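Chemist: Please read through the structure below; I'll follow up with questions.
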Amino acid sequence: MLPTGSVEAKSASRISSQEMPRPFQADFVQAPILQPQTTGTDPRDGSPVNYYTLTEKAAMTNILPRLRTPILGYNGIFPGPTISLDQGTKAVLRIRNKLPAVHALDGHALSTSTHLHGSASRPQYDGYASDITNPGFYKDYHYPNFQPARTLWYHDHGVHFTALNAYSGLAAQYHMHDPMERELLPQGRFDVALTVSDAMFAADGSLGYDDNTHSGLWGDVILVNGKPWPVMKVQKRVYRFRVLNCSISRSLRPALSTADPVVVVGTDGGLIPVAQTVADWRHGGAERYEILIDFRKYKTGQRIELRNLSNRNNVDYDFTNKIMAFDVTDEPVDISDPTWNRIPTTLTTSEAMSLRTGQSVATRKFRVMRNDSTGIWTINDDSWQDVIASAYKKVCAEPALNSVEIWEIENKSGGWFHPIHIHLVDFQILSRNGKASFAYEHGPKDVVYVGEGETVRLLMKFTPHKGLYMMHCHNLPHEDHDMMVQFRVGLKENDFDVDDPMTAAKAAWDDEPE
């Protein structure tokens, strides 16, 4: 079944037209910054450590004009609080599962697993899908934060229910800064997180859910930071936007209504070596692009829309061609801030972008597809069901620690695009169908959009940790049914694994009140 199957209609939501939000009626908001509960020092190396606590809980929120919408959220909000810290400051994040026993929509047990997407975390802190924390328990996640500045995000990764849990609100941004990024790019109120998603609504204002027989969900309401098509007031200066597509299936193709270009300065894994000026860009689920928009030439009172040109095999509705709007004000600009008018051209390289194909010791080939007889999504005919059946031993690859490899991913399915995420590593996209990757992809990545009929070649170094890591599709209904495999770095099947994600850091009973 193609994605335009059971959900193709005039609208996906079941609310009345009076309750349906319209573009550009809501004010833009940002998620609050999460403050550490305490700080300390790691006795092993003297590095600073921030200690945070987040509580997963059910809550009500205002998305629609009058109706209230139940969500699941970190600290009861969507998106969850943004975590912002400097490279070299470690984090210990306590995730408390205070969710109801079962999900209201389908009755699945509300166990969770938290993945900090973009972090080279040890396996037991990586949000391994089957390493779940049940309601009433908590788990402490340790994040090293040694990588260059980047936009990360954290979201639920619980086995077989990632899509519905993340769609219900368990997603948030996480920003890591370093001195070069702070010098080159806008900071503070001019460093803006845009968490873009889509949703459909039931008649009572609750979230609707139709994943089109596990092929994907395409809502008719576009949300930015949890608000439908919001409007942001901007000064006449350069702004930096960290754009995260956290839709569980929908891809985007953002573009400005003025037809002016944007400047891409960062990808999933941080700063791009050379800034890229583009009119629009294809943006799959879980990808992050950091862009600069220069509002200096616009007039006071002018409105600039961020539109969505969409891509093949989305399901689009009346207003899914819009994302948000910017209203230009005459608020005075602080020209003592050197980033107010700076559009850098050369930024910085990274380990991933410095790799060369001659360093590769192996080339591995993967094919993403759907098994027509079972309806299960697979990678090389393997699935997470196979991993579970093997007692978590089955792997698709066993790269050596610190080795460099080329991975080739082929998508011959004409009706589907797959944003493929490889945990642990940042990679370089070498080619797409034998040609150069898109200009905006010329930076370190951890998700690659594998479009219909496309074959991509990726170059990556498997560092710095040994152990088990996942590769999966970030169309989350595909991941849940069951398009996810694992690879083992630096170990063989029967080696003792001190970082075994199923046993090395178990959840504990949480006897503290909410």
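Ordered as shown in the structure tokens, chains take letters A, B, and onward, while each chain numbers its residues from 1 and ligands are numbered from 1 in the order shown.
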Which residues are near Tyr392 of chain A? Cut-off 12 Å, only C-alpha atoms, ignore same chain within fewer than 3 positions. Put them as an NGL selection string.
Modeler: :A and (128-131 or 383-389 or 395-396 or 467-470 or 485-488 or 493-494 or 500-503)
Chemist: Using DSSP on the backbone, list every residue of segment 77-278 of chain A that comes out as helix (DSSP H, G or I), and give them as a ChimeraX atom specification.
Modeler: /A:123-125,162-167,179-184,188-190
Chemist: Filtering to all heavy atoms, could you give me those residues as a short mmCIF file (atom, residue, chain, number, x, y, z; two decimals), in the first residue's frame?
Modeler:
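Saved to result-v6.cif:
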data_model
loop_
_atom_site.label_atom_id
_atom_site.label_comp_id
_atom_site.auth_asym_id
_atom_site.auth_seq_id
_atom_site.Cartn_x
_atom_site.Cartn_y
_atom_site.Cartn_z
N PRO A 123 26.52 2.22 25.02
CA PRO A 123 25.30 1.51 24.62
C PRO A 123 24.19 1.48 25.67
O PRO A 123 23.01 1.59 25.33
CB PRO A 123 25.81 0.09 24.31
CG PRO A 123 27.24 0.29 23.90
CD PRO A 123 27.74 1.40 24.76
N GLN A 124 24.56 1.35 26.96
CA GLN A 124 23.54 1.24 28.00
C GLN A 124 22.85 2.58 28.29
O GLN A 124 21.83 2.61 29.00
CB GLN A 124 24.13 0.67 29.29
CG GLN A 124 25.17 1.55 29.98
CD GLN A 124 26.59 1.26 29.50
OE1 GLN A 124 26.84 1.07 28.31
NE2 GLN A 124 27.53 1.21 30.43
N TYR A 125 23.37 3.67 27.71
CA TYR A 125 22.76 4.99 27.87
C TYR A 125 22.27 5.55 26.54
O TYR A 125 21.98 6.74 26.44
CB TYR A 125 23.77 5.96 28.50
CG TYR A 125 24.35 5.47 29.80
CD1 TYR A 125 25.74 5.34 29.97
CD2 TYR A 125 23.53 5.12 30.87
CE1 TYR A 125 26.28 4.89 31.16
CE2 TYR A 125 24.07 4.66 32.07
CZ TYR A 125 25.44 4.55 32.20
OH TYR A 125 25.96 4.08 33.38
N THR A 162 7.68 3.35 19.70
CA THR A 162 8.36 4.64 19.57
C THR A 162 7.47 5.65 18.86
O THR A 162 7.38 6.82 19.27
CB THR A 162 9.69 4.47 18.82
OG1 THR A 162 10.59 3.70 19.61
CG2 THR A 162 10.33 5.81 18.52
N ALA A 163 6.80 5.25 17.78
CA ALA A 163 6.01 6.18 16.97
C ALA A 163 4.92 6.84 17.80
O ALA A 163 4.82 8.07 17.85
CB ALA A 163 5.42 5.45 15.77
N LEU A 164 4.10 6.04 18.46
CA LEU A 164 2.98 6.60 19.20
C LEU A 164 3.45 7.38 20.43
O LEU A 164 2.89 8.43 20.78
CB LEU A 164 2.01 5.50 19.60
CG LEU A 164 0.67 5.92 20.21
CD1 LEU A 164 0.02 7.05 19.42
CD2 LEU A 164 -0.27 4.73 20.31
N ASN A 165 4.51 6.92 21.08
CA ASN A 165 5.02 7.65 22.25
C ASN A 165 5.62 9.00 21.85
O ASN A 165 5.36 10.01 22.50
CB ASN A 165 6.07 6.81 22.98
CG ASN A 165 5.47 5.60 23.69
OD1 ASN A 165 4.26 5.40 23.68
ND2 ASN A 165 6.32 4.78 24.28
N ALA A 166 6.43 9.03 20.79
CA ALA A 166 7.01 10.29 20.34
C ALA A 166 5.93 11.22 19.79
O ALA A 166 5.94 12.43 20.06
CB ALA A 166 8.08 10.03 19.28
N TYR A 167 5.00 10.67 19.03
CA TYR A 167 3.88 11.46 18.48
C TYR A 167 3.06 12.09 19.60
O TYR A 167 2.56 13.22 19.47
CB TYR A 167 3.01 10.55 17.62
CG TYR A 167 1.75 11.16 17.07
CD1 TYR A 167 1.81 12.09 16.03
CD2 TYR A 167 0.51 10.79 17.55
CE1 TYR A 167 0.66 12.64 15.49
CE2 TYR A 167 -0.67 11.33 17.01
CZ TYR A 167 -0.59 12.25 16.00
OH TYR A 167 -1.74 12.79 15.47
N PRO A 179 33.41 26.90 21.72
CA PRO A 179 33.87 28.28 21.50
C PRO A 179 33.77 28.76 20.06
O PRO A 179 33.39 29.91 19.82
CB PRO A 179 35.34 28.23 21.98
CG PRO A 179 35.37 27.12 22.99
CD PRO A 179 34.42 26.10 22.48
N MET A 180 34.07 27.90 19.09
CA MET A 180 34.01 28.35 17.70
C MET A 180 32.59 28.66 17.28
O MET A 180 32.31 29.70 16.66
CB MET A 180 34.63 27.30 16.77
CG MET A 180 34.56 27.69 15.30
SD MET A 180 35.54 26.63 14.25
CE MET A 180 37.19 27.14 14.74
N GLU A 181 31.66 27.77 17.64
CA GLU A 181 30.25 28.00 17.29
C GLU A 181 29.73 29.26 17.97
O GLU A 181 28.98 30.04 17.37
CB GLU A 181 29.45 26.75 17.69
CG GLU A 181 27.95 26.92 17.73
CD GLU A 181 27.46 27.30 19.13
OE1 GLU A 181 28.17 27.03 20.12
OE2 GLU A 181 26.36 27.88 19.21
N ARG A 182 30.12 29.49 19.21
CA ARG A 182 29.64 30.69 19.92
C ARG A 182 30.17 31.96 19.25
O ARG A 182 29.49 32.99 19.23
CB ARG A 182 30.06 30.64 21.38
CG ARG A 182 29.24 29.66 22.22
CD ARG A 182 29.34 30.04 23.69
NE ARG A 182 28.67 29.12 24.58
CZ ARG A 182 27.36 29.13 24.86
NH1 ARG A 182 26.58 30.01 24.27
NH2 ARG A 182 26.85 28.27 25.72
N GLU A 183 31.38 31.91 18.73
CA GLU A 183 31.96 33.09 18.08
C GLU A 183 31.32 33.37 16.73
O GLU A 183 31.07 34.53 16.37
CB GLU A 183 33.47 32.89 17.90
CG GLU A 183 34.15 34.06 17.20
CD GLU A 183 35.63 33.82 16.95
OE1 GLU A 183 36.17 32.82 17.48
OE2 GLU A 183 36.24 34.62 16.23
N LEU A 184 31.02 32.32 15.97
CA LEU A 184 30.60 32.50 14.58
C LEU A 184 29.11 32.75 14.42
O LEU A 184 28.70 33.46 13.49
CB LEU A 184 30.98 31.27 13.76
CG LEU A 184 32.46 31.06 13.46
CD1 LEU A 184 32.67 29.72 12.79
CD2 LEU A 184 33.00 32.19 12.60
N GLY A 188 21.78 33.12 22.22
CA GLY A 188 20.70 33.66 23.04
C GLY A 188 19.38 33.70 22.30
O GLY A 188 18.98 32.73 21.66
N ARG A 189 18.70 34.84 22.35
CA ARG A 189 17.36 34.94 21.74
C ARG A 189 17.41 34.87 20.23
O ARG A 189 16.35 34.73 19.58
CB ARG A 189 16.67 36.24 22.19
CG ARG A 189 17.38 37.51 21.77
CD ARG A 189 16.63 38.76 22.21
NE ARG A 189 15.40 38.97 21.45
CZ ARG A 189 14.81 40.17 21.32
NH1 ARG A 189 15.33 41.24 21.92
NH2 ARG A 189 13.72 40.31 20.61
N PHE A 190 18.61 34.99 19.64
CA PHE A 190 18.74 34.93 18.19
C PHE A 190 19.19 33.54 17.70
O PHE A 190 19.45 33.35 16.52
CB PHE A 190 19.71 36.01 17.71
CG PHE A 190 19.34 37.37 18.26
CD1 PHE A 190 20.12 37.98 19.23
CD2 PHE A 190 18.18 38.00 17.84
CE1 PHE A 190 19.77 39.22 19.76
CE2 PHE A 190 17.81 39.24 18.36
CZ PHE A 190 18.60 39.84 19.34
#
Chemist: What is the distance, in Å and to one decimal place, between atom CA of Thr455 of chain A and atom CA of Pro254 of chain A?
Modeler: 23.3 Å
Chemist: Excluding same-chain residues fewer than 6 positions from segment 28-33 of chain A, what lies within 10 Å of it counting only C-alpha atoms, as a ChimeraX atom specification?
Modeler: /A:77-84,172-174,189,192-195,224-233,324-326
Chemist: Measuring between only C-alpha atoms, which one of A:Glu19, A:Glu410, A:Asp126, A:Asp86 shows the shortest distance to Asp178 of chain A?
Modeler: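 Of A:Glu19, A:Glu410, A:Asp126, A:Asp86, the one nearest Asp178 of chain A is A:Asp86, counting only C-alpha atoms.
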Chemist: Counting only C-alpha atoms, what is within 8 Å of segment 265-275 of chain A, bar same-chain residues fewer than 3 positions away, as a short mmCIF file (atom, residue, chain, number, x, y, z; two decimals) with all heavy atoms, in the first residue's frame?
Modeler:
data_model
loop_
_atom_site.label_atom_id
_atom_site.label_comp_id
_atom_site.auth_asym_id
_atom_site.auth_seq_id
_atom_site.Cartn_x
_atom_site.Cartn_y
_atom_site.Cartn_z
N GLY A 118 22.16 11.91 18.38
CA GLY A 118 23.30 12.72 17.99
C GLY A 118 24.46 12.61 18.95
O GLY A 118 25.53 13.16 18.70
N PRO A 148 31.90 18.00 18.98
CA PRO A 148 31.78 19.43 18.63
C PRO A 148 30.34 19.91 18.79
O PRO A 148 29.39 19.11 18.84
CB PRO A 148 32.22 19.46 17.17
CG PRO A 148 33.02 18.21 16.97
CD PRO A 148 32.42 17.19 17.87
N ALA A 149 30.17 21.23 18.85
CA ALA A 149 28.85 21.84 18.99
C ALA A 149 27.89 21.28 17.95
O ALA A 149 28.25 21.08 16.79
CB ALA A 149 28.98 23.35 18.84
N ARG A 150 26.65 21.08 18.38
CA ARG A 150 25.65 20.48 17.48
C ARG A 150 24.26 20.62 18.08
O ARG A 150 24.11 20.87 19.28
CB ARG A 150 25.96 19.01 17.23
CG ARG A 150 25.92 18.15 18.50
CD ARG A 150 26.41 16.73 18.26
NE ARG A 150 27.73 16.71 17.68
CZ ARG A 150 28.21 15.68 16.96
NH1 ARG A 150 27.48 14.61 16.75
NH2 ARG A 150 29.43 15.73 16.46
N THR A 151 23.25 20.40 17.24
CA THR A 151 21.87 20.29 17.69
C THR A 151 21.52 18.82 17.82
O THR A 151 21.47 18.09 16.81
CB THR A 151 20.91 20.97 16.70
OG1 THR A 151 21.26 22.36 16.58
CG2 THR A 151 19.47 20.87 17.18
N LEU A 152 21.31 18.38 19.04
CA LEU A 152 20.84 17.02 19.31
C LEU A 152 19.37 17.11 19.70
O LEU A 152 18.80 18.19 19.86
CB LEU A 152 21.65 16.38 20.44
CG LEU A 152 23.17 16.38 20.34
CD1 LEU A 152 23.76 17.62 21.04
CD2 LEU A 152 23.76 15.13 20.99
N GLU A 181 31.66 27.77 17.64
CA GLU A 181 30.25 28.00 17.29
C GLU A 181 29.73 29.26 17.97
O GLU A 181 28.98 30.04 17.37
CB GLU A 181 29.45 26.75 17.69
CG GLU A 181 27.95 26.92 17.73
CD GLU A 181 27.46 27.30 19.13
OE1 GLU A 181 28.17 27.03 20.12
OE2 GLU A 181 26.36 27.88 19.21
N GLU A 287 16.18 14.59 11.02
CA GLU A 287 17.30 15.40 10.54
C GLU A 287 17.25 16.79 11.20
O GLU A 287 16.18 17.32 11.48
CB GLU A 287 17.24 15.56 9.02
CG GLU A 287 17.57 14.30 8.25
CD GLU A 287 17.65 14.56 6.76
OE1 GLU A 287 16.62 14.92 6.16
OE2 GLU A 287 18.75 14.39 6.20
N ARG A 288 18.44 17.36 11.42
CA ARG A 288 18.54 18.72 11.91
C ARG A 288 19.37 19.54 10.93
O ARG A 288 20.45 19.11 10.52
CB ARG A 288 19.23 18.79 13.30
CG ARG A 288 18.36 18.25 14.43
CD ARG A 288 18.51 16.77 14.64
NE ARG A 288 19.85 16.42 15.13
CZ ARG A 288 20.47 15.26 14.85
NH1 ARG A 288 19.90 14.36 14.06
NH2 ARG A 288 21.66 15.01 15.37
N TYR A 289 18.85 20.69 10.57
CA TYR A 289 19.59 21.65 9.76
C TYR A 289 19.60 22.99 10.48
O TYR A 289 18.55 23.48 10.91
CB TYR A 289 18.98 21.80 8.36
CG TYR A 289 19.24 20.60 7.48
CD1 TYR A 289 18.27 19.63 7.26
CD2 TYR A 289 20.50 20.42 6.90
CE1 TYR A 289 18.54 18.51 6.48
CE2 TYR A 289 20.77 19.31 6.12
CZ TYR A 289 19.78 18.36 5.92
OH TYR A 289 20.06 17.25 5.15
N GLU A 290 20.80 23.55 10.64
CA GLU A 290 20.93 24.88 11.22
C GLU A 290 21.06 25.87 10.07
O GLU A 290 21.95 25.73 9.22
CB GLU A 290 22.13 24.95 12.16
CG GLU A 290 22.00 24.02 13.36
CD GLU A 290 23.06 24.27 14.42
OE1 GLU A 290 23.52 25.43 14.55
OE2 GLU A 290 23.45 23.31 15.10
N ILE A 291 20.17 26.85 10.06
CA ILE A 291 20.13 27.79 8.94
C ILE A 291 20.20 29.23 9.48
O ILE A 291 19.80 29.51 10.61
CB ILE A 291 18.87 27.61 8.08
CG1 ILE A 291 17.61 27.96 8.89
CG2 ILE A 291 18.79 26.21 7.50
CD1 ILE A 291 16.35 28.08 8.04
N LEU A 292 20.73 30.12 8.64
CA LEU A 292 20.70 31.54 8.90
C LEU A 292 19.70 32.19 7.96
O LEU A 292 19.68 31.89 6.76
CB LEU A 292 22.08 32.17 8.69
CG LEU A 292 23.23 31.65 9.55
CD1 LEU A 292 24.51 32.40 9.22
CD2 LEU A 292 22.91 31.73 11.04
N PRO A 344 28.76 33.79 7.83
CA PRO A 344 30.08 33.17 7.60
C PRO A 344 30.06 32.29 6.37
O PRO A 344 29.03 31.74 5.99
CB PRO A 344 30.31 32.36 8.88
CG PRO A 344 28.96 32.10 9.44
CD PRO A 344 28.11 33.28 9.05
N THR A 345 31.20 32.19 5.73
CA THR A 345 31.33 31.31 4.56
C THR A 345 32.08 30.04 4.94
O THR A 345 31.61 28.94 4.68
CB THR A 345 32.05 32.04 3.41
OG1 THR A 345 33.28 32.59 3.90
CG2 THR A 345 31.18 33.16 2.88
N THR A 346 33.24 30.20 5.56
CA THR A 346 34.00 29.04 6.02
C THR A 346 33.76 28.88 7.51
O THR A 346 33.91 29.83 8.28
CB THR A 346 35.50 29.24 5.75
OG1 THR A 346 35.69 29.40 4.34
CG2 THR A 346 36.29 28.01 6.22
N LEU A 347 33.39 27.67 7.93
CA LEU A 347 33.15 27.42 9.35
C LEU A 347 34.26 26.53 9.89
O LEU A 347 35.35 26.99 10.14
CB LEU A 347 31.75 26.84 9.55
CG LEU A 347 30.65 27.87 9.22
CD1 LEU A 347 29.85 27.43 8.02
CD2 LEU A 347 29.73 28.11 10.39
N THR A 348 34.02 25.24 10.00
CA THR A 348 35.08 24.36 10.51
C THR A 348 34.84 22.95 10.01
O THR A 348 33.70 22.56 9.73
CB THR A 348 35.12 24.37 12.05
OG1 THR A 348 36.25 23.62 12.51
CG2 THR A 348 33.86 23.77 12.65
N THR A 349 35.89 22.18 9.92
CA THR A 349 35.75 20.78 9.52
C THR A 349 35.52 19.94 10.76
O THR A 349 35.44 20.43 11.88
CB THR A 349 36.96 20.31 8.73
OG1 THR A 349 36.67 19.03 8.15
CG2 THR A 349 38.19 20.19 9.61
N SER A 350 35.37 18.66 10.57
CA SER A 350 35.10 17.72 11.66
C SER A 350 35.75 16.40 11.30
O SER A 350 36.20 16.19 10.16
CB SER A 350 33.60 17.53 11.85
OG SER A 350 33.01 17.05 10.64
N MET A 353 33.95 14.73 8.37
CA MET A 353 34.14 15.35 7.06
C MET A 353 35.59 15.31 6.60
O MET A 353 35.89 15.62 5.44
CB MET A 353 33.62 16.79 7.09
CG MET A 353 32.13 16.91 7.38
SD MET A 353 31.09 15.88 6.30
CE MET A 353 31.37 16.67 4.72
N ASP A 426 28.89 9.88 13.45
CA ASP A 426 28.61 10.89 12.42
C ASP A 426 29.19 10.34 11.12
O ASP A 426 30.24 9.71 11.12
CB ASP A 426 29.29 12.22 12.74
CG ASP A 426 28.79 12.86 14.01
OD1 ASP A 426 27.66 12.58 14.42
OD2 ASP A 426 29.55 13.66 14.60
N TYR A 440 23.32 21.05 0.77
CA TYR A 440 23.01 21.23 2.19
C TYR A 440 23.39 20.00 3.02
O TYR A 440 23.34 20.06 4.25
CB TYR A 440 21.53 21.58 2.38
CG TYR A 440 20.56 20.63 1.70
CD1 TYR A 440 20.18 19.43 2.28
CD2 TYR A 440 20.01 20.96 0.46
CE1 TYR A 440 19.29 18.58 1.65
CE2 TYR A 440 19.12 20.11 -0.19
CZ TYR A 440 18.76 18.92 0.42
OH TYR A 440 17.88 18.07 -0.21
N GLU A 441 23.76 18.91 2.38
CA GLU A 441 24.18 17.71 3.10
C GLU A 441 25.71 17.64 3.26
O GLU A 441 26.22 16.63 3.74
CB GLU A 441 23.72 16.45 2.36
CG GLU A 441 22.22 16.28 2.26
CD GLU A 441 21.83 15.05 1.46
OE1 GLU A 441 22.37 14.87 0.34
OE2 GLU A 441 21.00 14.27 1.94
N HIS A 442 26.43 18.68 2.88
CA HIS A 442 27.89 18.64 2.90
C HIS A 442 28.43 18.94 4.29
O HIS A 442 29.36 19.73 4.47
CB HIS A 442 28.47 19.62 1.88
CG HIS A 442 28.21 19.21 0.46
ND1 HIS A 442 28.58 19.99 -0.61
CD2 HIS A 442 27.62 18.11 -0.07
CE1 HIS A 442 28.21 19.39 -1.74
NE2 HIS A 442 27.63 18.25 -1.43
N GLY A 443 27.86 18.30 5.28
CA GLY A 443 28.29 18.40 6.67
C GLY A 443 28.10 17.07 7.35
O GLY A 443 27.54 16.12 6.76
N PRO A 444 28.55 16.95 8.61
CA PRO A 444 28.44 15.66 9.31
C PRO A 444 26.99 15.30 9.60
O PRO A 444 26.22 16.13 10.08
CB PRO A 444 29.23 15.90 10.60
CG PRO A 444 29.20 17.39 10.80
CD PRO A 444 29.17 17.99 9.44
N LYS A 445 26.62 14.07 9.31
CA LYS A 445 25.23 13.64 9.41
C LYS A 445 25.12 12.38 10.27
O LYS A 445 26.08 11.63 10.42
CB LYS A 445 24.68 13.33 8.00
CG LYS A 445 24.63 14.51 7.06
CD LYS A 445 23.40 15.36 7.32
CE LYS A 445 22.14 14.58 6.91
NZ LYS A 445 20.92 15.22 7.47
N ASP A 446 23.93 12.17 10.83
CA ASP A 446 23.64 10.86 11.46
C ASP A 446 22.32 10.28 10.96
O ASP A 446 21.94 9.17 11.32
CB ASP A 446 23.67 10.94 13.00
CG ASP A 446 22.70 11.95 13.58
OD1 ASP A 446 21.56 12.05 13.10
OD2 ASP A 446 23.08 12.63 14.56
N VAL A 447 21.61 11.05 10.12
CA VAL A 447 20.41 10.57 9.42
C VAL A 447 20.60 10.88 7.95
O VAL A 447 21.04 11.99 7.60
CB VAL A 447 19.13 11.25 9.93
CG1 VAL A 447 17.90 10.71 9.19
CG2 VAL A 447 18.95 11.07 11.44
#
